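One file, upload08.pdb, is given below (PDB, C-alpha atoms).
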```pdb
ATOM      1  CA  MET A   1       0.000   0.000   0.000  1.00  0.00           C
ATOM      2  CA  THR A   2       1.409   3.390  -0.967  1.00  0.00           C
ATOM      3  CA  ASP A   3       0.171   6.851  -0.026  1.00  0.00           C
ATOM      4  CA  MET A   4      -0.100   9.877  -2.323  1.00  0.00           C
ATOM      5  CA  ALA A   5       3.485  10.960  -1.567  1.00  0.00           C
ATOM      6  CA  GLY A   6       4.849   7.649  -2.806  1.00  0.00           C
ATOM      7  CA  LYS A   7       5.791   6.427   0.646  1.00  0.00           C
ATOM      8  CA  ALA A   8       5.004   2.858   1.565  1.00  0.00           C
ATOM      9  CA  ALA A   9       2.857   1.665   4.413  1.00  0.00           C
ATOM     10  CA  SER A  10       3.748  -1.811   5.564  1.00  0.00           C
ATOM     11  CA  THR A  11       2.242  -4.637   7.519  1.00  0.00           C
ATOM     12  CA  SER A  12       5.034  -7.044   6.566  1.00  0.00           C
ATOM     13  CA  ASN A  13       7.423  -8.882   8.870  1.00  0.00           C
ATOM     14  CA  LEU A  14      10.432  -7.847   6.759  1.00  0.00           C
ATOM     15  CA  VAL A  15      13.425  -6.024   8.240  1.00  0.00           C
ATOM     16  CA  VAL A  16      16.054  -4.621   5.865  1.00  0.00           C
ATOM     17  CA  VAL A  17      19.586  -3.998   7.145  1.00  0.00           C
ATOM     18  CA  THR A  18      22.197  -2.230   5.029  1.00  0.00           C
ATOM     19  CA  GLY A  19      25.934  -1.545   5.201  1.00  0.00           C
ATOM     20  CA  PHE A  20      28.377   0.381   3.018  1.00  0.00           C
ATOM     21  CA  GLY A  21      31.043  -0.876   0.654  1.00  0.00           C
ATOM     22  CA  PRO A  22      34.662   0.327   0.384  1.00  0.00           C
ATOM     23  CA  TYR A  23      35.488   4.042   0.373  1.00  0.00           C
ATOM     24  CA  ARG A  24      38.655   6.136   0.373  1.00  0.00           C
ATOM     25  CA  ASN A  25      41.454   4.126   1.983  1.00  0.00           C
ATOM     26  CA  TYR A  26      39.083   1.628   3.583  1.00  0.00           C
ATOM     27  CA  ILE A  27      38.997  -1.466   1.397  1.00  0.00           C
ATOM     28  CA  VAL A  28      37.145  -3.260   4.185  1.00  0.00           C
ATOM     29  CA  ASN A  29      34.169  -1.348   5.552  1.00  0.00           C
ATOM     30  CA  SER A  30      33.285  -2.548   9.043  1.00  0.00           C
ATOM     31  CA  SER A  31      29.612  -1.662   8.518  1.00  0.00           C
ATOM     32  CA  TRP A  32      29.142  -4.215   5.738  1.00  0.00           C
ATOM     33  CA  GLU A  33      31.303  -6.813   7.492  1.00  0.00           C
ATOM     34  CA  ALA A  34      29.156  -6.459  10.616  1.00  0.00           C
ATOM     35  CA  VAL A  35      25.924  -6.690   8.598  1.00  0.00           C
ATOM     36  CA  LYS A  36      27.121  -9.848   6.853  1.00  0.00           C
ATOM     37  CA  GLU A  37      27.911 -11.454  10.207  1.00  0.00           C
ATOM     38  CA  PHE A  38      24.576 -10.286  11.584  1.00  0.00           C
ATOM     39  CA  SER A  39      22.754 -11.948   8.681  1.00  0.00           C
ATOM     40  CA  LYS A  40      24.150 -15.294   9.878  1.00  0.00           C
ATOM     41  CA  LEU A  41      22.639 -14.725  13.327  1.00  0.00           C
ATOM     42  CA  GLY A  42      19.253 -13.610  12.059  1.00  0.00           C
ATOM     43  CA  LEU A  43      16.374 -12.348  14.171  1.00  0.00           C
ATOM     44  CA  ASP A  44      13.267 -14.140  15.413  1.00  0.00           C
ATOM     45  CA  LYS A  45      12.006 -17.015  13.279  1.00  0.00           C
ATOM     46  CA  ASN A  46       8.881 -15.046  12.329  1.00  0.00           C
ATOM     47  CA  VAL A  47      10.941 -12.107  11.025  1.00  0.00           C
ATOM     48  CA  GLU A  48      12.153 -12.063   7.432  1.00  0.00           C
ATOM     49  CA  LEU A  49      15.597 -10.475   7.086  1.00  0.00           C
ATOM     50  CA  LYS A  50      17.184  -8.930   3.993  1.00  0.00           C
ATOM     51  CA  VAL A  51      20.664  -7.367   3.926  1.00  0.00           C
ATOM     52  CA  MET A  52      22.016  -5.021   1.255  1.00  0.00           C
ATOM     53  CA  GLU A  53      25.382  -3.414   0.507  1.00  0.00           C
ATOM     54  CA  PHE A  54      25.265   0.255  -0.516  1.00  0.00           C
ATOM     55  CA  PRO A  55      27.942   1.915  -2.663  1.00  0.00           C
ATOM     56  CA  VAL A  56      29.268   5.231  -1.356  1.00  0.00           C
ATOM     57  CA  LYS A  57      27.391   7.203  -4.037  1.00  0.00           C
ATOM     58  CA  TYR A  58      24.501   9.584  -3.434  1.00  0.00           C
ATOM     59  CA  SER A  59      22.479   8.716  -6.534  1.00  0.00           C
ATOM     60  CA  GLU A  60      22.784   4.953  -6.007  1.00  0.00           C
ATOM     61  CA  VAL A  61      21.823   5.241  -2.348  1.00  0.00           C
ATOM     62  CA  GLU A  62      18.722   7.255  -3.236  1.00  0.00           C
ATOM     63  CA  LYS A  63      17.603   4.606  -5.733  1.00  0.00           C
ATOM     64  CA  LYS A  64      18.219   1.722  -3.347  1.00  0.00           C
ATOM     65  CA  VAL A  65      16.489   3.365  -0.382  1.00  0.00           C
ATOM     66  CA  ARG A  66      13.492   4.302  -2.519  1.00  0.00           C
ATOM     67  CA  HIS A  67      13.338   0.677  -3.721  1.00  0.00           C
ATOM     68  CA  ILE A  68      13.389  -0.597  -0.138  1.00  0.00           C
ATOM     69  CA  TRP A  69      10.389   1.470   0.909  1.00  0.00           C
ATOM     70  CA  THR A  70       8.272   1.498  -2.254  1.00  0.00           C
ATOM     71  CA  GLU A  71       8.873  -2.092  -3.420  1.00  0.00           C
ATOM     72  CA  LEU A  72       9.998  -4.197  -0.438  1.00  0.00           C
ATOM     73  CA  LYS A  73       7.849  -2.314   2.113  1.00  0.00           C
ATOM     74  CA  PRO A  74       9.605  -3.466   5.314  1.00  0.00           C
ATOM     75  CA  GLN A  75       8.359  -2.808   8.832  1.00  0.00           C
ATOM     76  CA  LEU A  76      11.804  -1.388   9.642  1.00  0.00           C
ATOM     77  CA  SER A  77      14.988  -0.430   7.828  1.00  0.00           C
ATOM     78  CA  VAL A  78      18.283  -0.298   9.711  1.00  0.00           C
ATOM     79  CA  HIS A  79      21.297   1.351   8.088  1.00  0.00           C
ATOM     80  CA  VAL A  80      24.837   0.808   9.354  1.00  0.00           C
ATOM     81  CA  GLY A  81      27.858   2.964   8.595  1.00  0.00           C
ATOM     82  CA  MET A  82      31.453   3.223   9.776  1.00  0.00           C
ATOM     83  CA  VAL A  83      33.261   5.935  11.732  1.00  0.00           C
ATOM     84  CA  SER A  84      36.905   4.890  11.669  1.00  0.00           C
ATOM     85  CA  SER A  85      37.897   6.929  14.737  1.00  0.00           C
ATOM     86  CA  ALA A  86      34.962   5.811  16.901  1.00  0.00           C
ATOM     87  CA  LYS A  87      35.365   3.754  20.052  1.00  0.00           C
ATOM     88  CA  ALA A  88      31.621   3.284  20.649  1.00  0.00           C
ATOM     89  CA  ILE A  89      28.603   2.163  18.675  1.00  0.00           C
ATOM     90  CA  THR A  90      26.511   5.258  17.989  1.00  0.00           C
ATOM     91  CA  LEU A  91      22.769   5.344  17.359  1.00  0.00           C
ATOM     92  CA  GLU A  92      21.577   8.391  15.430  1.00  0.00           C
ATOM     93  CA  GLN A  93      18.276  10.008  16.478  1.00  0.00           C
ATOM     94  CA  CYS A  94      17.764  12.236  13.452  1.00  0.00           C
ATOM     95  CA  ALA A  95      19.023  13.322  10.034  1.00  0.00           C
ATOM     96  CA  ARG A  96      19.415  16.796   8.536  1.00  0.00           C
ATOM     97  CA  ASN A  97      18.481  17.860   5.013  1.00  0.00           C
ATOM     98  CA  LYS A  98      21.081  20.491   4.065  1.00  0.00           C
ATOM     99  CA  GLY A  99      24.842  20.984   4.050  1.00  0.00           C
ATOM    100  CA  TYR A 100      26.057  17.971   2.046  1.00  0.00           C
ATOM    101  CA  MET A 101      29.224  19.408   0.489  1.00  0.00           C
ATOM    102  CA  GLU A 102      31.518  16.356   0.528  1.00  0.00           C
ATOM    103  CA  LYS A 103      31.742  14.525  -2.812  1.00  0.00           C
ATOM    104  CA  ASP A 104      31.038  10.815  -3.086  1.00  0.00           C
ATOM    105  CA  LEU A 105      33.269   8.211  -4.737  1.00  0.00           C
ATOM    106  CA  SER A 106      32.130   9.315  -8.213  1.00  0.00           C
ATOM    107  CA  GLY A 107      32.895  12.969  -7.422  1.00  0.00           C
ATOM    108  CA  ALA A 108      29.213  13.893  -7.217  1.00  0.00           C
ATOM    109  CA  LEU A 109      27.123  15.888  -4.754  1.00  0.00           C
ATOM    110  CA  PRO A 110      23.376  15.696  -4.177  1.00  0.00           C
ATOM    111  CA  GLN A 111      21.407  18.440  -5.958  1.00  0.00           C
ATOM    112  CA  GLY A 112      21.600  21.687  -4.021  1.00  0.00           C
ATOM    113  CA  GLY A 113      23.762  20.023  -1.376  1.00  0.00           C
ATOM    114  CA  CYS A 114      20.641  18.624   0.248  1.00  0.00           C
ATOM    115  CA  CYS A 115      18.847  15.295   0.568  1.00  0.00           C
ATOM    116  CA  LEU A 116      15.427  16.439  -0.610  1.00  0.00           C
ATOM    117  CA  LEU A 117      14.706  19.781  -2.278  1.00  0.00           C
ATOM    118  CA  GLY A 118      12.000  21.478  -0.249  1.00  0.00           C
ATOM    119  CA  GLY A 119      12.117  18.788   2.437  1.00  0.00           C
ATOM    120  CA  PRO A 120      12.002  19.504   6.179  1.00  0.00           C
ATOM    121  CA  GLU A 121      15.274  20.628   7.722  1.00  0.00           C
ATOM    122  CA  ARG A 122      15.373  17.660  10.060  1.00  0.00           C
ATOM    123  CA  ILE A 123      13.567  14.334  10.407  1.00  0.00           C
ATOM    124  CA  GLU A 124      13.606  12.267  13.592  1.00  0.00           C
ATOM    125  CA  SER A 125      13.184   8.521  13.857  1.00  0.00           C
ATOM    126  CA  VAL A 126      10.005   7.251  15.514  1.00  0.00           C
ATOM    127  CA  VAL A 127      12.331   5.171  17.690  1.00  0.00           C
ATOM    128  CA  ASN A 128      13.310   6.561  21.080  1.00  0.00           C
ATOM    129  CA  ILE A 129      17.060   6.164  20.642  1.00  0.00           C
ATOM    130  CA  LYS A 130      17.855   7.282  24.187  1.00  0.00           C
ATOM    131  CA  SER A 131      15.714   4.441  25.514  1.00  0.00           C
ATOM    132  CA  VAL A 132      17.394   1.903  23.203  1.00  0.00           C
ATOM    133  CA  CYS A 133      20.868   2.971  24.369  1.00  0.00           C
ATOM    134  CA  LYS A 134      19.787   2.740  27.995  1.00  0.00           C
ATOM    135  CA  ASN A 135      18.529  -0.817  27.510  1.00  0.00           C
ATOM    136  CA  ILE A 136      21.595  -2.057  25.599  1.00  0.00           C
ATOM    137  CA  ALA A 137      24.385  -2.310  28.151  1.00  0.00           C
ATOM    138  CA  GLN A 138      27.541  -3.906  26.786  1.00  0.00           C
ATOM    139  CA  PRO A 139      30.629  -4.459  28.951  1.00  0.00           C
ATOM    140  CA  GLU A 140      33.182  -4.257  26.133  1.00  0.00           C
ATOM    141  CA  ILE A 141      31.790  -1.481  23.935  1.00  0.00           C
ATOM    142  CA  ASP A 142      29.598   1.521  24.715  1.00  0.00           C
ATOM    143  CA  VAL A 143      26.334   2.167  22.878  1.00  0.00           C
ATOM    144  CA  ILE A 144      25.593   5.899  22.761  1.00  0.00           C
ATOM    145  CA  ARG A 145      23.095   8.342  21.212  1.00  0.00           C
ATOM    146  CA  SER A 146      23.882  11.097  18.702  1.00  0.00           C
ATOM    147  CA  CYS A 147      22.034  13.833  16.782  1.00  0.00           C
ATOM    148  CA  ASP A 148      24.850  14.450  14.280  1.00  0.00           C
ATOM    149  CA  ALA A 149      25.353  11.730  11.669  1.00  0.00           C
ATOM    150  CA  GLY A 150      28.055  13.617   9.784  1.00  0.00           C
ATOM    151  CA  ARG A 151      26.422  15.102   6.641  1.00  0.00           C
ATOM    152  CA  TYR A 152      27.914  12.562   4.257  1.00  0.00           C
ATOM    153  CA  LEU A 153      26.537   9.337   2.789  1.00  0.00           C
ATOM    154  CA  CYS A 154      25.505   8.018   6.196  1.00  0.00           C
ATOM    155  CA  GLU A 155      23.289  10.941   7.109  1.00  0.00           C
ATOM    156  CA  TYR A 156      22.064  11.260   3.519  1.00  0.00           C
ATOM    157  CA  THR A 157      20.968   7.606   3.610  1.00  0.00           C
ATOM    158  CA  TYR A 158      19.238   8.115   6.928  1.00  0.00           C
ATOM    159  CA  TYR A 159      17.311  11.206   5.821  1.00  0.00           C
ATOM    160  CA  ILE A 160      16.092   9.576   2.611  1.00  0.00           C
ATOM    161  CA  SER A 161      15.060   6.450   4.503  1.00  0.00           C
ATOM    162  CA  LEU A 162      13.245   8.402   7.221  1.00  0.00           C
ATOM    163  CA  HIS A 163      11.429  10.310   4.470  1.00  0.00           C
ATOM    164  CA  TYR A 164      10.309   7.325   2.390  1.00  0.00           C
ATOM    165  CA  GLY A 165       9.772   5.059   5.385  1.00  0.00           C
ATOM    166  CA  GLU A 166       7.654   7.479   7.404  1.00  0.00           C
ATOM    167  CA  ARG A 167      10.408   7.661  10.058  1.00  0.00           C
ATOM    168  CA  LYS A 168      10.541   3.890  10.682  1.00  0.00           C
ATOM    169  CA  ALA A 169      14.294   3.745  10.170  1.00  0.00           C
ATOM    170  CA  VAL A 170      17.393   3.703  12.355  1.00  0.00           C
ATOM    171  CA  PHE A 171      21.025   4.513  11.626  1.00  0.00           C
ATOM    172  CA  ILE A 172      23.865   2.885  13.542  1.00  0.00           C
ATOM    173  CA  HIS A 173      27.503   3.984  13.328  1.00  0.00           C
ATOM    174  CA  VAL A 174      30.097   1.339  14.167  1.00  0.00           C
ATOM    175  CA  PRO A 175      33.879   1.607  14.729  1.00  0.00           C
ATOM    176  CA  SER A 176      36.416   0.192  12.302  1.00  0.00           C
ATOM    177  CA  LEU A 177      37.507  -3.399  12.841  1.00  0.00           C
ATOM    178  CA  LYS A 178      40.433  -4.169  15.104  1.00  0.00           C
ATOM    179  CA  ARG A 179      41.622  -6.997  17.297  1.00  0.00           C
ATOM    180  CA  THR A 180      39.270  -6.052  20.127  1.00  0.00           C
ATOM    181  CA  ILE A 181      36.337  -5.093  17.873  1.00  0.00           C
ATOM    182  CA  THR A 182      35.538  -7.898  15.458  1.00  0.00           C
ATOM    183  CA  ALA A 183      32.739  -8.133  12.907  1.00  0.00           C
ATOM    184  CA  ALA A 184      31.221 -10.943  14.985  1.00  0.00           C
ATOM    185  CA  LYS A 185      31.179  -8.780  18.113  1.00  0.00           C
ATOM    186  CA  LEU A 186      29.590  -5.879  16.226  1.00  0.00           C
ATOM    187  CA  ALA A 187      27.016  -8.268  14.744  1.00  0.00           C
ATOM    188  CA  HIS A 188      26.051  -9.464  18.221  1.00  0.00           C
ATOM    189  CA  VAL A 189      25.407  -5.903  19.400  1.00  0.00           C
ATOM    190  CA  LEU A 190      23.544  -5.058  16.179  1.00  0.00           C
ATOM    191  CA  ARG A 191      21.199  -7.950  16.853  1.00  0.00           C
ATOM    192  CA  LEU A 192      20.498  -6.735  20.382  1.00  0.00           C
ATOM    193  CA  ILE A 193      19.875  -3.185  19.154  1.00  0.00           C
ATOM    194  CA  ILE A 194      17.555  -4.226  16.338  1.00  0.00           C
ATOM    195  CA  LYS A 195      15.528  -6.508  18.591  1.00  0.00           C
ATOM    196  CA  GLU A 196      15.143  -3.629  21.074  1.00  0.00           C
ATOM    197  CA  VAL A 197      14.070  -1.279  18.275  1.00  0.00           C
ATOM    198  CA  MET A 198      11.515  -3.813  17.038  1.00  0.00           C
ATOM    199  CA  SER A 199      10.049  -4.106  20.519  1.00  0.00           C
ATOM    200  CA  GLN A 200       9.427  -0.358  20.404  1.00  0.00           C
ATOM    201  CA  ILE A 201       7.740  -0.177  17.016  1.00  0.00           C
ATOM    202  CA  GLY A 202       5.668  -3.311  17.637  1.00  0.00           C
TER     203      GLY A 202
END
```
Could the structure of this file be written out as structure tokens, please?
Amino acid sequence: MTDMAGKAASTSNLVVVTGFGPYRNYIVNSSWEAVKEFSKLGLDKNVELKVMEFPVKYSEVEKKVRHIWTELKPQLSVHVGMVSSAKAITLEQCARNKGYMEKDLSGALPQGGCCLLGGPERIESVVNIKSVCKNIAQPEIDVIRSCDAGRYLCEYTYYISLHYGERKAVFIHVPSLKRTITAAKLAHVLRLIIKEVMSQIG
């Protein structure tokens, strides 16, 4: 079912989880590695799970996110990106529309440096991120809340997904992989976070 704005309403049991492919000097992107490991764990048996890898390109991301919400119609879409300098897993509460001045891998920028011409300046997730962070206590890695997703492909993805998905989306930033932070460990925390988010949205 689709409303007049082209956004999809969903009653499905599908959850879509995405990560990003290589960019700049990072041949291995921890976001996609974590999502791949997460896909092996799965969610509840009555939840259908689909994972997708996004290229670090504005136009391709827009097409893929629009496809997720208008064709697949999930109950929730979770997007995962990497912050190489991070020491914690960060859950983003909102995404901003303007100020995208950093070129993607093809050298392109979104039109007007914004996610959606004429769109609201900021869109917040329906999920109470503060509550999710409070309920996900991990001894080896912190899970924290943020309202600044960086105005690059991560925040662009989040804004577009919140727009098409009527705010039923979440963005999670993960650290780069290292000896103490493996893809398997990130996948475990992703699963806990997503299950907590699903308990909120019903």
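Atom to atom, CA of Leu49 in chain A and CA of Lys168 in chain A stand 15.6 Å apart.
With all atoms listed in the file as the basis for measurement, A:His67 is the residue among A:Arg122, A:His67, A:Lys40, A:Lys87 that approaches Tyr164 in chain A most closely.
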* On this file, the PyMOL selection byres ((chain A and resi 96) around 9) gives some set of residues; write that set as a PyMOL selection string. => chain A and resi 94-95+97-99+114-115+120-124+148-149+151+155-156+158-159
Contact check, range 71-130 of chain A to range 18-33 of chain A, at most 8 Å, counting only C-alpha atoms, closest pairs as a Markdown table:
```
| residue | atom | partner | partner_atom | distance |
| --- | --- | --- | --- | --- |
| A:Ser77 | CA | A:Thr18 | CA | 7.9 |
| A:Val78 | CA | A:Thr18 | CA | 6.4 |
| A:His79 | CA | A:Thr18 | CA | 4.8 |
| A:Val80 | CA | A:Gly19 | CA | 4.9 |
| A:Gly81 | CA | A:Ser31 | CA | 4.9 |
| A:Met82 | CA | A:Ser31 | CA | 5.4 |
| A:Leu105 | CA | A:Tyr23 | CA | 7.0 |
```
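For the choices A:Gln111, A:Ser84, A:Thr182, A:Ser161, the atom-to-atom distance to Ser59 in chain A is smallest for A:Gln111 when using all atoms listed in the file.
Against this structure, the PyMOL selection byres ((chain A and resi 47) around 10) ends up with Ser12, Asn13, Leu14, Val15, Gly42, Leu43, Asp44, Lys45, Asn46, Glu48, Leu49, Lys50 and Gln75 of chain A.
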* So what does the PyMOL selection byres ((chain A and resi 129) around 12) actually pick up in this one, as an MDAnalysis selection string? -> chainID A and resid 90:94 124:128 130:136 143:147 169:172 193:194 196:198 200:201
I'd like the box whose edges run along x, y and z of the file and which contains every listed atom of range 150-160 of chain A, padded by 8 Å per side; could you state its centre and edge lengths in Å, one decimal, as AutoDock Vina command-line options?
```
--center_x 22.1 --center_y 11.4 --center_z 6.2 --size_x 28.0 --size_y 23.5 --size_z 23.2
```
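Picture a line from CA of Val189 in chain A to CA of His163 in chain A; it runs 26.1 Å.
Each of A:Ala184, A:Ile68, A:Ala34, A:Val83 was compared to Gly165 in chain A using all atoms listed in the file, and A:Ile68 turns out to be the nearest.
CA of Leu162 in chain A is found 21.3 Å from CA of Leu192 in chain A.
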* To do: Rank A:Leu117, A:Val56, A:Val35, A:Val16 by their smallest atom-to-atom distance to Val174 in chain A, using only C-alpha atoms, and report the top residue only.
  => A:Val35
* To do: List every protein, DNA or RNA residue that has at least one atom no more than 7 Å from (32.2, -2.4, 17.5) in the file's coordinates, counting only C-alpha atoms, and write the result as a PyMOL selection string.
  => chain A and resi 88-89+141+174-175+181-182+185-186
* **A:Glu53, A:Gly112, A:Gly118, A:Met101 ranked by distance to Tyr152 in chain A, top pick (using all atoms listed in the file)** => A:Met101
